[in-house]
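Have a look at the structure below, then the notes.
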Amino acid sequence: MKLAVVGSRTLTVVHLERFLPEGVTEIVSGGALGIDRCAAAYAAAHGLPITEFLPDYRRFGRGAPLKRNEEIVAYADAVLVFWDKLSRGTAFVIDACKKAQKPVYLVTADMLKETDTT
């Protein structure tokens with residue numbers, strides 16, 4: 001399964017494996033700070049392929065990050081979202097998943113333990 005791992009830039013997760021569903025064969029990321037970097041590091045450490053969708057500012061201007069998020073949701077089979085309940089970009093991904101009827105696994109900041117983030 002191609003799993004997108006996205007989330008708020010203010011969050012980091014050390015033990016990503018605790019939140020992954022079974023059957024992950026590829027990690028999909030947006031290449032940003034925070035959770036995206038954690039996902040890339042996990043993929044590298046565990047020999048999983050990673051596909052990164054970077055925002056194309058030349059083509060989409062200020063809307064590039066949201067367009068990138070739409071591309072991530074379209075490409076992935078499911079999406080694991082880490083949300084601080086503040087990030088509008090992450091909220092956009094959650095809504096995009098619902099519209100696309102993609103499975104979404106939501107982890108909010110208050111669900112994380114200290115051992116998950118340090």
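Each chain of the structure tokens is named A, B, ... in the order shown, its residues numbered from 1; ligands are numbered from 1 in display order.
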Next on the checklist: Using DSSP secondary structure from the backbone, list all alpha helix (DSSP H) positions within chain A, as a VMD selection string.
Outcome noted: chain A and resid 35 to 45 57 to 60 64 to 75 88 to 100 114 to 117
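Residue neighbourhood of region 26-37 of chain A, excluding near-sequence residues (fewer than 5 positions): Lys2, Leu3, Ala4, Val5, Val6, Gly7, Arg9, Thr10, Leu11, Thr12, Leu48, Pro49, Ile50, Thr51, Glu52, Phe53 and Leu54 of chain A, at 6 Å, using only C-alpha atoms.
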Checklist entry - Could you pull out all residues of chain A with a DSSP call of strand (DSSP E) and give them as a PyMOL selection string? => result chain A and resi 2-7+26-29+50-52+78-83+104-108
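Within 12 Å of Gly47 (chain A), once only C-alpha atoms are used and residues closer than 3 positions along the same chain are dropped, the contacting residues are Val24, Thr25, Glu26, Ile27, Ala40, Ala41, Tyr42, Ala43, Ala44 and Ile50 of chain A.
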File dump, residues just selected, N, CA and C atoms, as an mmCIF file, in the first residue's frame:
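Saved to part-v4.cif:
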data_model
loop_
_atom_site.group_PDB
_atom_site.id
_atom_site.type_symbol
_atom_site.label_atom_id
_atom_site.label_comp_id
_atom_site.auth_asym_id
_atom_site.auth_seq_id
_atom_site.Cartn_x
_atom_site.Cartn_y
_atom_site.Cartn_z
ATOM 1 N N VAL A 24 2.264 -1.552 4.349
ATOM 2 C CA VAL A 24 2.865 -0.376 3.716
ATOM 3 C C VAL A 24 4.037 -0.824 2.846
ATOM 4 N N THR A 25 3.988 -0.461 1.568
ATOM 5 C CA THR A 25 5.055 -0.807 0.628
ATOM 6 C C THR A 25 5.792 0.419 0.117
ATOM 7 N N GLU A 26 5.230 1.591 0.352
ATOM 8 C CA GLU A 26 5.828 2.845 -0.116
ATOM 9 C C GLU A 26 5.345 3.976 0.774
ATOM 10 N N ILE A 27 6.236 4.919 1.068
ATOM 11 C CA ILE A 27 5.882 6.118 1.825
ATOM 12 C C ILE A 27 5.781 7.281 0.843
ATOM 13 N N ALA A 40 10.246 10.563 5.693
ATOM 14 C CA ALA A 40 11.376 10.283 4.803
ATOM 15 C C ALA A 40 12.476 9.527 5.545
ATOM 16 N N ALA A 41 12.754 9.929 6.775
ATOM 17 C CA ALA A 41 13.779 9.254 7.574
ATOM 18 C C ALA A 41 13.372 7.810 7.868
ATOM 19 N N TYR A 42 12.106 7.602 8.179
ATOM 20 C CA TYR A 42 11.619 6.250 8.449
ATOM 21 C C TYR A 42 11.775 5.373 7.210
ATOM 22 N N ALA A 43 11.364 5.896 6.058
ATOM 23 C CA ALA A 43 11.468 5.130 4.816
ATOM 24 C C ALA A 43 12.919 4.743 4.537
ATOM 25 N N ALA A 44 13.827 5.690 4.692
ATOM 26 C CA ALA A 44 15.248 5.416 4.443
ATOM 27 C C ALA A 44 15.787 4.364 5.406
ATOM 28 N N ILE A 50 10.379 5.916 -1.193
ATOM 29 C CA ILE A 50 9.654 7.139 -0.837
ATOM 30 C C ILE A 50 9.418 7.952 -2.097
#
Checklist entry - Which residue out of A:Pro103, A:Ala109, A:Leu80, A:Gly61 has the minimum interatomic distance to Leu16 (chain A) when only C-alpha atoms are used? => result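 Checking each candidate against Leu16 (chain A), we get A:Leu80 as the closest.
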Checklist entry - Neighbours of Lys98 (chain A) within 12 Å (only C-alpha atoms; same-chain residues fewer than 5 positions away dropped), as a list in words? => result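 The residues that qualify are Glu70, Val73, Ala74, Ala78, Val79, Ala91, Phe92, Val93, Pro103, Val104, Tyr105 and Leu106 of chain A.
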Checklist entry - For Val81 (chain A), which residue among A:Gly63, A:Ala45, A:Met1, A:Val107 is the nearest when counting only C-alpha atoms? => result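 The closest residue to Val81 (chain A) is A:Val107.
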Next on the checklist: Under the rule that only C-alpha atoms are counted, which of A:Leu86, A:Leu112, A:Ala39, A:Ala96 is the nearest residue to Asn69 (chain A)?
Outcome noted: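 Nearest candidate to Asn69 (chain A) out of A:Leu86, A:Leu112, A:Ala39, A:Ala96: A:Ala96.
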Item to check | One-decimal distance in Å that lies between CA of Ser8 (chain A) and CA of Asp110 (chain A) | outcome: 13.0 Å
Item to check | CA of Ile72 (chain A) to CA of Arg18 (chain A), straight-line distance in Å | outcome: 21.9 Å
Checklist entry - Quick one, how far is CA of Asp56 (chain A) from CA of Asp84 (chain A)? => result 25.0 Å
